[in-house]
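So the structure is just underneath, and the comments pick up after that.
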Amino acid sequence: MFKTIFSKLIAIFVAILLVSFSVAGVMLYYFLSDFVLKEKVSVLDKSAEKLNSFLKIYVENQNNQLTAVIFNEILESYSSSTLSLIWVVNAEGKLIFNVSGVFGQTIENHVKKQITDQSGILRLPDERQYKEVMAGKKEYIQENGDFYGLFKDTQVPWLTIEKPFKYIDNNGKEKVLGAVYLSTPIPEVLGVRTSVIKLFLISVSIAILVSIILVYIFSRRISKPLKQIRNAAKIIAGGEFHERLDIKSQDEVGELARSFNQMAVALQNLEEMRRGFIANVSHELRTPMTSIRGFIDGILDGVIPPEKHADYLKIVRDETSRLNRLVNDLLDLARMEAGETKLTLKNFDINELIRRCIIKLEAIIERKGILVEASFEEEDMLVNADADAIERVIINLVHNAIKFTDEKGKISLSTYSQKGKIYVSVQDTGIGIEKDELNLIWDRFYKSDKSRGKDKTGTGLGLAIIKNIVNEHKQEIWVESEVGEGTRFTFTLDKRVDSE
């Protein structure tokens with residue numbers, strides 16, 4: 001049921017809404033119960049206070065029949081406005097006044113039955129119903145429930161406020177002559193809470209409905225591009241790398257789509273490189289192996305005369321050496337790209353290393369009559385790098401310069417310091433490289449391009465290896481070239497580390 005992001009989002013949002021509104025509803029329910037009850041207590045207390053002031057007038061004019069009538073009408077008015085049953089009780093619990101107000105005959109009969117004693121006098125039957133209030137120690141007394149059995153027959157709990165009536169006699173002493181009682185059913189008090197809760201539930205229902213609609217719309221907007229990404233991923237997983245996403249949003253999904261497109265481009269380029277690599281390796285291996293097999297078959301079949309065997313076996317040996325170099329270069333390049341090579345960094349003199357490299361290549365330099373010039377900014381220039389790896393870089397660059405420089409040409413090597421780096425340059429007066437091919441020279445087997453056509457013995461992996469070595473040192477290498485004028489390779493190295 002919840003297998004898709006869309007359904008999960010809907011379920012999560014609805015669950016959050018329900019939990020949030022449920023918590024709010026429960027808190028509102030108890031808050032309203034407490035609030036409404038306190039408000040009602042406050043109203044009844046203030047009403048009792050007012051009635052006490054009228055009761056005082058009655059006491060002062062108790063022989064006046066008109067005052068009694070007026071006071072009784074006041075009680076009925078307060079009974080109606082406060083929805084309460086009102087009594088005036090003296091210190092012995094006897095009822096002086098009682099008004100049922102809006103409750104009618106049924107409630108009056110229930111209560112009257114409880115408060116009528118054997119002699120027919122209306123009196124509170126339980127001493128606990130008036131003893132505490134007559135002590136006059138509290139401003140008012142609040143009772144919740146059936147008021148010690150008085151309202152038991154009504155089948156509902158009641159709220160009763162007992163307000164003592166205090167009177168100062170002629171001697172200036174304060175006495176409690178009686179108390180005013182206001183009783184109202186608690187369900188009537190909590191009716192306001194019920195009304196508010198109903199309105200709250202209606203509001204919540206509308207809010208949930210609107211929220212679900214909005215969540216549905218926004219969830220669709222989120223899940224739709226994710227489905228597009230999923231479908232495109234399936235296509236790419238099947239080997240079709242041409243698929244692209246057209247999602248223009250500027251949020252995280254849009255960023256994911258752009259990253260996905262970049263990944264697809266990278267995979268497509270990687271696949272093209274893989275196919276080209278396999279084709280190049282196959283070509284590079286097939287050519288010498290075909291030559292080796294042909295010469296060996298010729299010797300075994302007697303096609304090649306015995307006096308030529310030595311010459312052809314030398315060719316076989318050269319082709320075998322070429323295969324060996326190719327395999328070694330491929331293994332070295334694979335280890336570099338996999339990050340398996342470990343650099344041993346140390347301080348050494350780059351100028352001295354260049355001198356050693358030139359000496360190692362001295363034989364082929366003299367064979368072509370090439371002039372080699374070295375220009376060093378300082379006699380000793382210490383760098384921090386892997387000496388063996390940098391030696392391989394310099395030998396490969398110089399060897400390439402020799403191969404593509406005509407006889408009697410010139411090769412220049414230089415080192416100089418700039419902005420905290422040591423710069424090493426190898427420049428030749430060879431055939432040069434086309435500008436649109438400068439970015440291709442770092443690819444494997446670039447030697448098959450027309451600008452490198454003179455190279456018939458190399459593996460075509462030298463510059464790719466050089467690039468990886470320089471990258472491993474976190475340095476830069478670049479090339480500048482003009483067709484017919486020559487090529488200049490330059491790479492950087494860190495200066496020596498003083499701690500060594």
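Order determines the names: the first chain of the structure tokens is A, the second B, and so forth; residues in each chain are numbered 1 upward, and ligands are numbered 1 upward as they are shown.
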
Give me, as an NGL selection string, all polymer residues having an atom no more than 10 Å from region 129-144 of chain A, counting only C-alpha atoms and skipping those fewer than 6 positions away in the same chain.
:A and (41 or 45 or 48-49 or 89-94 or 150 or 157-166 or 174-186)

Between region 332-422 of chain A and region 486-500 of chain A, at 12 Å or less, what are the per-residue closest atom pairs and their distances in Å? Count only C-alpha atoms, order by chain and rising residue number, and return it as CSV.
```
residue,atom,partner,partner_atom,distance
A:Leu345,CA,A:Val497,CA,9.7
A:Lys346,CA,A:Glu500,CA,7.8
A:Asn347,CA,A:Arg496,CA,5.4
A:Phe348,CA,A:Arg496,CA,7.6
A:Asp349,CA,A:Arg496,CA,9.1
A:Ile350,CA,A:Leu493,CA,9.4
A:Asp380,CA,A:Arg496,CA,11.3
A:Met381,CA,A:Lys495,CA,8.2
A:Leu382,CA,A:Arg496,CA,5.3
A:Val383,CA,A:Lys495,CA,4.3
A:Asn384,CA,A:Arg496,CA,4.6
A:Ala385,CA,A:Leu493,CA,7.2
A:Asp386,CA,A:Leu493,CA,10.2
A:Ala387,CA,A:Leu493,CA,11.2
A:Ile390,CA,A:Leu493,CA,9.4
A:Val393,CA,A:Phe491,CA,9.6
A:Ile394,CA,A:Phe491,CA,9.9
A:Asn396,CA,A:Phe489,CA,11.1
A:Leu397,CA,A:Phe489,CA,7.6
A:Val398,CA,A:Phe489,CA,9.8
A:Asn400,CA,A:Thr487,CA,10.2
A:Ala401,CA,A:Thr487,CA,8.0
A:Ile402,CA,A:Thr487,CA,11.4
A:Phe404,CA,A:Gly486,CA,8.8
A:Thr405,CA,A:Gly486,CA,8.0
A:Asp406,CA,A:Gly486,CA,10.5
A:Gly409,CA,A:Gly486,CA,10.1
A:Lys410,CA,A:Gly486,CA,9.6
A:Ile411,CA,A:Gly486,CA,9.5
A:Ser412,CA,A:Arg488,CA,9.0
A:Leu413,CA,A:Arg488,CA,9.5
A:Ser414,CA,A:Thr490,CA,9.3
A:Thr415,CA,A:Thr490,CA,9.5
A:Tyr416,CA,A:Thr492,CA,9.8
A:Ser417,CA,A:Lys495,CA,8.7
A:Gln418,CA,A:Thr492,CA,9.7
A:Lys419,CA,A:Lys495,CA,10.3
A:Gly420,CA,A:Lys495,CA,6.9
A:Lys421,CA,A:Asp494,CA,5.3
A:Ile422,CA,A:Leu493,CA,5.1
```

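The nearest approach to Tyr30 (chain A) among the residues A:Leu353, A:Thr194, A:Leu343, A:Asn61, with only C-alpha atoms taken into account, belongs to A:Thr194.
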
Option closest in space to Ala374 (chain A), from A:Val426, A:Leu463, A:Ile206, A:Ile433 [counting only C-alpha atoms]
A:Val426

Strand (DSSP E) residues, from DSSP on the backbone, in region 45-239 of chain A, as an MDAnalysis selection string:
chainID A and resid 85:90 95:99 141:145 158:168 174:185

Those same residues - N, CA, C and O atoms - I'd like them written as a short mmCIF file (atom, residue, chain, number, x, y, z; two decimals), in the first residue's frame.
```cif
data_model
loop_
_atom_site.label_atom_id
_atom_site.label_comp_id
_atom_site.auth_asym_id
_atom_site.auth_seq_id
_atom_site.Cartn_x
_atom_site.Cartn_y
_atom_site.Cartn_z
N LEU A 85 -29.81 27.29 41.01
CA LEU A 85 -30.78 27.16 42.09
C LEU A 85 -30.22 27.95 43.28
O LEU A 85 -29.09 27.73 43.69
N ILE A 86 -31.04 28.89 43.85
CA ILE A 86 -30.53 29.80 44.88
C ILE A 86 -31.31 29.59 46.18
O ILE A 86 -32.55 29.52 46.18
N TRP A 87 -30.53 29.47 47.28
CA TRP A 87 -31.12 29.40 48.61
C TRP A 87 -30.44 30.42 49.50
O TRP A 87 -29.28 30.75 49.32
N VAL A 88 -31.20 30.83 50.50
CA VAL A 88 -30.62 31.61 51.60
C VAL A 88 -30.85 30.79 52.86
O VAL A 88 -32.01 30.46 53.19
N VAL A 89 -29.76 30.43 53.56
CA VAL A 89 -29.82 29.51 54.69
C VAL A 89 -29.29 30.23 55.93
O VAL A 89 -28.30 30.97 55.85
N ASN A 90 -29.97 30.01 57.08
CA ASN A 90 -29.47 30.63 58.31
C ASN A 90 -28.40 29.75 58.95
O ASN A 90 -28.03 28.70 58.41
N LEU A 95 -33.70 26.91 55.57
CA LEU A 95 -33.85 27.72 54.37
C LEU A 95 -34.80 28.87 54.65
O LEU A 95 -35.95 28.65 55.07
N ILE A 96 -34.32 30.09 54.43
CA ILE A 96 -35.15 31.29 54.59
C ILE A 96 -35.80 31.64 53.25
O ILE A 96 -36.97 31.98 53.17
N PHE A 97 -35.00 31.56 52.19
CA PHE A 97 -35.49 31.76 50.82
C PHE A 97 -34.96 30.62 49.96
O PHE A 97 -33.85 30.13 50.16
N ASN A 98 -35.74 30.20 48.97
CA ASN A 98 -35.24 29.27 47.95
C ASN A 98 -35.96 29.52 46.63
O ASN A 98 -37.18 29.74 46.61
N VAL A 99 -35.19 29.51 45.55
CA VAL A 99 -35.73 29.78 44.21
C VAL A 99 -35.19 28.73 43.25
O VAL A 99 -33.98 28.52 43.15
N ILE A 141 -17.07 28.75 49.57
CA ILE A 141 -16.76 27.32 49.52
C ILE A 141 -17.34 26.75 48.23
O ILE A 141 -18.50 27.02 47.90
N GLN A 142 -16.50 25.97 47.52
CA GLN A 142 -16.93 25.34 46.26
C GLN A 142 -17.10 23.85 46.48
O GLN A 142 -16.22 23.18 47.00
N GLU A 143 -18.26 23.32 46.08
CA GLU A 143 -18.54 21.89 46.16
C GLU A 143 -18.91 21.38 44.78
O GLU A 143 -19.75 21.97 44.09
N ASN A 144 -18.26 20.26 44.34
CA ASN A 144 -18.59 19.62 43.06
C ASN A 144 -19.13 18.22 43.34
O ASN A 144 -18.55 17.48 44.13
N GLY A 145 -20.24 17.88 42.70
CA GLY A 145 -20.80 16.55 42.88
C GLY A 145 -22.27 16.62 43.26
O GLY A 145 -23.00 17.52 42.83
N TRP A 158 -23.37 18.51 40.34
CA TRP A 158 -23.70 19.93 40.46
C TRP A 158 -22.49 20.69 40.99
O TRP A 158 -21.63 20.15 41.67
N LEU A 159 -22.48 22.00 40.65
CA LEU A 159 -21.51 22.92 41.19
C LEU A 159 -22.25 23.82 42.18
O LEU A 159 -23.23 24.47 41.81
N THR A 160 -21.76 23.85 43.40
CA THR A 160 -22.41 24.66 44.44
C THR A 160 -21.41 25.64 45.04
O THR A 160 -20.31 25.24 45.44
N ILE A 161 -21.81 26.91 45.11
CA ILE A 161 -21.00 27.95 45.73
C ILE A 161 -21.73 28.41 47.00
O ILE A 161 -22.90 28.80 46.95
N GLU A 162 -21.03 28.35 48.13
CA GLU A 162 -21.59 28.77 49.41
C GLU A 162 -20.89 30.06 49.85
O GLU A 162 -19.67 30.07 50.03
N LYS A 163 -21.65 31.11 49.95
CA LYS A 163 -21.08 32.41 50.30
C LYS A 163 -21.63 32.83 51.68
O LYS A 163 -22.84 33.02 51.86
N PRO A 164 -20.77 32.96 52.69
CA PRO A 164 -21.26 33.33 54.03
C PRO A 164 -21.79 34.78 54.05
O PRO A 164 -21.22 35.66 53.40
N PHE A 165 -22.89 34.97 54.78
CA PHE A 165 -23.44 36.32 54.95
C PHE A 165 -23.00 36.83 56.30
O PHE A 165 -23.41 36.33 57.34
N LYS A 166 -22.13 37.85 56.27
CA LYS A 166 -21.58 38.40 57.51
C LYS A 166 -22.26 39.75 57.79
O LYS A 166 -22.43 40.57 56.88
N TYR A 167 -22.56 39.92 59.10
CA TYR A 167 -23.30 41.13 59.47
C TYR A 167 -22.68 41.70 60.75
O TYR A 167 -22.35 40.95 61.67
N ILE A 168 -22.50 43.02 60.80
CA ILE A 168 -21.94 43.68 61.98
C ILE A 168 -23.11 44.17 62.85
O ILE A 168 -23.95 44.96 62.39
N GLU A 174 -18.61 41.27 64.09
CA GLU A 174 -19.02 40.63 62.84
C GLU A 174 -19.50 39.22 63.14
O GLU A 174 -18.81 38.44 63.78
N LYS A 175 -20.68 38.92 62.67
CA LYS A 175 -21.26 37.60 62.88
C LYS A 175 -21.69 37.02 61.54
O LYS A 175 -22.03 37.75 60.62
N VAL A 176 -21.69 35.70 61.46
CA VAL A 176 -22.20 35.00 60.28
C VAL A 176 -23.64 34.63 60.58
O VAL A 176 -23.91 33.74 61.41
N LEU A 177 -24.58 35.33 59.94
CA LEU A 177 -26.00 35.07 60.17
C LEU A 177 -26.52 33.95 59.29
O LEU A 177 -27.54 33.34 59.61
N GLY A 178 -25.83 33.69 58.20
CA GLY A 178 -26.29 32.66 57.27
C GLY A 178 -25.39 32.61 56.06
O GLY A 178 -24.23 33.06 56.10
N ALA A 179 -25.93 32.07 54.97
CA ALA A 179 -25.14 31.94 53.75
C ALA A 179 -26.06 31.90 52.54
O ALA A 179 -27.23 31.49 52.64
N VAL A 180 -25.50 32.34 51.42
CA VAL A 180 -26.21 32.26 50.13
C VAL A 180 -25.63 31.09 49.35
O VAL A 180 -24.41 30.97 49.21
N TYR A 181 -26.51 30.22 48.85
CA TYR A 181 -26.10 29.06 48.08
C TYR A 181 -26.55 29.24 46.62
O TYR A 181 -27.73 29.55 46.38
N LEU A 182 -25.63 29.01 45.69
CA LEU A 182 -25.98 29.00 44.27
C LEU A 182 -25.52 27.67 43.69
O LEU A 182 -24.32 27.35 43.76
N SER A 183 -26.46 26.89 43.18
CA SER A 183 -26.14 25.56 42.64
C SER A 183 -26.57 25.50 41.18
O SER A 183 -27.68 25.91 40.83
N THR A 184 -25.67 24.95 40.35
CA THR A 184 -25.99 24.80 38.92
C THR A 184 -25.44 23.46 38.45
O THR A 184 -24.38 23.01 38.90
N PRO A 185 -26.15 22.77 37.55
CA PRO A 185 -25.66 21.48 37.06
C PRO A 185 -24.36 21.64 36.27
O PRO A 185 -24.26 22.54 35.42
#
```

For Phe218 (chain A), work out the shell of residues within 12 Å, counting only C-alpha atoms and skipping chain neighbours fewer than 6 positions away, then give it as a list in words.
Phe6, Leu9, Ile10, Phe13, Ser211, Ile212, Lys224 and Pro225 of chain A

Could you take the residues named above and write them with C-alpha atoms, as a CSV table (one decimal), in the first residue's frame?
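Okay, again06.csv is ready:
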```
chain,number,residue,atom,x,y,z
A,6,PHE,CA,3.8,9.6,-3.2
A,9,LEU,CA,4.1,11.4,1.7
A,10,ILE,CA,0.4,11.4,1.8
A,13,PHE,CA,1.3,14.3,6.2
A,211,SER,CA,-4.5,19.9,3.7
A,212,ILE,CA,-4.9,16.5,2.0
A,224,LYS,CA,6.6,13.1,-10.7
A,225,PRO,CA,10.2,14.2,-11.4
```

Selection near region 238-240 of chain A, 12 Å with only C-alpha atoms, sequence-local residues under 5 positions removed, as a list of chain:residue names:
A:Asn231, A:Ala232, A:Ala233, A:Ala264, A:Val265, A:Leu267, A:Gln268, A:Leu270, A:Glu271, A:Glu272

Write to file, as a PDB file, in the first residue's frame, the residues of the selection just made, with all heavy atoms.
```pdb
ATOM      1  N   ASN A 231      12.851   6.285 -14.179  1.00  0.00           N
ATOM      2  CA  ASN A 231      12.737   5.706 -15.525  1.00  0.00           C
ATOM      3  C   ASN A 231      14.020   5.924 -16.324  1.00  0.00           C
ATOM      4  O   ASN A 231      14.471   5.029 -17.051  1.00  0.00           O
ATOM      5  CB  ASN A 231      11.548   6.326 -16.249  1.00  0.00           C
ATOM      6  CG  ASN A 231      10.218   5.973 -15.592  1.00  0.00           C
ATOM      7  OD1 ASN A 231      10.106   4.937 -14.932  1.00  0.00           O
ATOM      8  ND2 ASN A 231       9.219   6.805 -15.757  1.00  0.00           N
ATOM      9  N   ALA A 232      14.595   7.135 -16.194  1.00  0.00           N
ATOM     10  CA  ALA A 232      15.847   7.409 -16.902  1.00  0.00           C
ATOM     11  C   ALA A 232      16.976   6.522 -16.382  1.00  0.00           C
ATOM     12  O   ALA A 232      17.818   6.060 -17.158  1.00  0.00           O
ATOM     13  CB  ALA A 232      16.214   8.883 -16.754  1.00  0.00           C
ATOM     14  N   ALA A 233      16.992   6.280 -15.055  1.00  0.00           N
ATOM     15  CA  ALA A 233      18.022   5.415 -14.472  1.00  0.00           C
ATOM     16  C   ALA A 233      17.913   3.990 -15.016  1.00  0.00           C
ATOM     17  O   ALA A 233      18.929   3.325 -15.261  1.00  0.00           O
ATOM     18  CB  ALA A 233      17.893   5.416 -12.949  1.00  0.00           C
ATOM     19  N   ALA A 264      25.134  10.997 -16.486  1.00  0.00           N
ATOM     20  CA  ALA A 264      24.863  10.326 -17.763  1.00  0.00           C
ATOM     21  C   ALA A 264      25.903  10.708 -18.804  1.00  0.00           C
ATOM     22  O   ALA A 264      26.374   9.852 -19.575  1.00  0.00           O
ATOM     23  CB  ALA A 264      23.452  10.689 -18.239  1.00  0.00           C
ATOM     24  N   VAL A 265      26.278  12.004 -18.836  1.00  0.00           N
ATOM     25  CA  VAL A 265      27.312  12.452 -19.776  1.00  0.00           C
ATOM     26  C   VAL A 265      28.636  11.767 -19.462  1.00  0.00           C
ATOM     27  O   VAL A 265      29.340  11.291 -20.371  1.00  0.00           O
ATOM     28  CB  VAL A 265      27.464  13.986 -19.713  1.00  0.00           C
ATOM     29  CG1 VAL A 265      28.669  14.436 -20.528  1.00  0.00           C
ATOM     30  CG2 VAL A 265      26.199  14.666 -20.239  1.00  0.00           C
ATOM     31  N   LEU A 267      29.094   8.905 -17.907  1.00  0.00           N
ATOM     32  CA  LEU A 267      29.002   7.482 -18.257  1.00  0.00           C
ATOM     33  C   LEU A 267      29.107   7.272 -19.769  1.00  0.00           C
ATOM     34  O   LEU A 267      29.737   6.319 -20.229  1.00  0.00           O
ATOM     35  CB  LEU A 267      27.684   6.904 -17.733  1.00  0.00           C
ATOM     36  CG  LEU A 267      27.587   6.689 -16.225  1.00  0.00           C
ATOM     37  CD1 LEU A 267      26.184   6.248 -15.832  1.00  0.00           C
ATOM     38  CD2 LEU A 267      28.608   5.661 -15.754  1.00  0.00           C
ATOM     39  N   GLN A 268      28.468   8.184 -20.515  1.00  0.00           N
ATOM     40  CA  GLN A 268      28.541   8.078 -21.975  1.00  0.00           C
ATOM     41  C   GLN A 268      29.982   8.262 -22.452  1.00  0.00           C
ATOM     42  O   GLN A 268      30.469   7.505 -23.304  1.00  0.00           O
ATOM     43  CB  GLN A 268      27.629   9.124 -22.621  1.00  0.00           C
ATOM     44  CG  GLN A 268      27.495   8.971 -24.138  1.00  0.00           C
ATOM     45  CD  GLN A 268      26.457   9.910 -24.704  1.00  0.00           C
ATOM     46  OE1 GLN A 268      25.972  10.793 -24.035  1.00  0.00           O
ATOM     47  NE2 GLN A 268      26.119   9.715 -25.964  1.00  0.00           N
ATOM     48  N   LEU A 270      32.623   7.761 -20.626  1.00  0.00           N
ATOM     49  CA  LEU A 270      33.387   6.617 -20.146  1.00  0.00           C
ATOM     50  C   LEU A 270      33.181   5.398 -21.044  1.00  0.00           C
ATOM     51  O   LEU A 270      34.131   4.665 -21.336  1.00  0.00           O
ATOM     52  CB  LEU A 270      32.967   6.285 -18.709  1.00  0.00           C
ATOM     53  CG  LEU A 270      33.750   5.175 -18.002  1.00  0.00           C
ATOM     54  CD1 LEU A 270      35.206   5.578 -17.864  1.00  0.00           C
ATOM     55  CD2 LEU A 270      33.155   4.884 -16.637  1.00  0.00           C
ATOM     56  N   GLU A 271      31.933   5.222 -21.497  1.00  0.00           N
ATOM     57  CA  GLU A 271      31.649   4.098 -22.387  1.00  0.00           C
ATOM     58  C   GLU A 271      32.368   4.267 -23.718  1.00  0.00           C
ATOM     59  O   GLU A 271      32.928   3.296 -24.271  1.00  0.00           O
ATOM     60  CB  GLU A 271      30.138   3.988 -22.613  1.00  0.00           C
ATOM     61  CG  GLU A 271      29.705   2.895 -23.576  1.00  0.00           C
ATOM     62  CD  GLU A 271      30.053   1.498 -23.099  1.00  0.00           C
ATOM     63  OE1 GLU A 271      30.383   1.326 -21.920  1.00  0.00           O
ATOM     64  OE2 GLU A 271      29.992   0.558 -23.918  1.00  0.00           O
ATOM     65  N   GLU A 272      32.386   5.499 -24.225  1.00  0.00           N
ATOM     66  CA  GLU A 272      33.098   5.751 -25.481  1.00  0.00           C
ATOM     67  C   GLU A 272      34.598   5.530 -25.299  1.00  0.00           C
ATOM     68  O   GLU A 272      35.268   4.970 -26.185  1.00  0.00           O
ATOM     69  CB  GLU A 272      32.825   7.176 -25.949  1.00  0.00           C
ATOM     70  CG  GLU A 272      31.381   7.393 -26.408  1.00  0.00           C
ATOM     71  CD  GLU A 272      31.082   8.848 -26.720  1.00  0.00           C
ATOM     72  OE1 GLU A 272      31.991   9.690 -26.519  1.00  0.00           O
ATOM     73  OE2 GLU A 272      29.960   9.146 -27.177  1.00  0.00           O
TER      74      GLU A 272
END
```

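Backbone DSSP over region 391-440 of chain A yields helix (DSSP H, G or I) at Glu391, Arg392, Val393, Ile394, Ile395, Asn396, Leu397, Val398, His399, Asn400, Ala401, Ile402, Lys403, Lys435, Asp436, Glu437, Leu438, Asn439 and Leu440 of chain A.
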
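If you look at CA of Arg392 (chain A) and CA of Ile292 (chain A), they are 29.0 Å away from each other.
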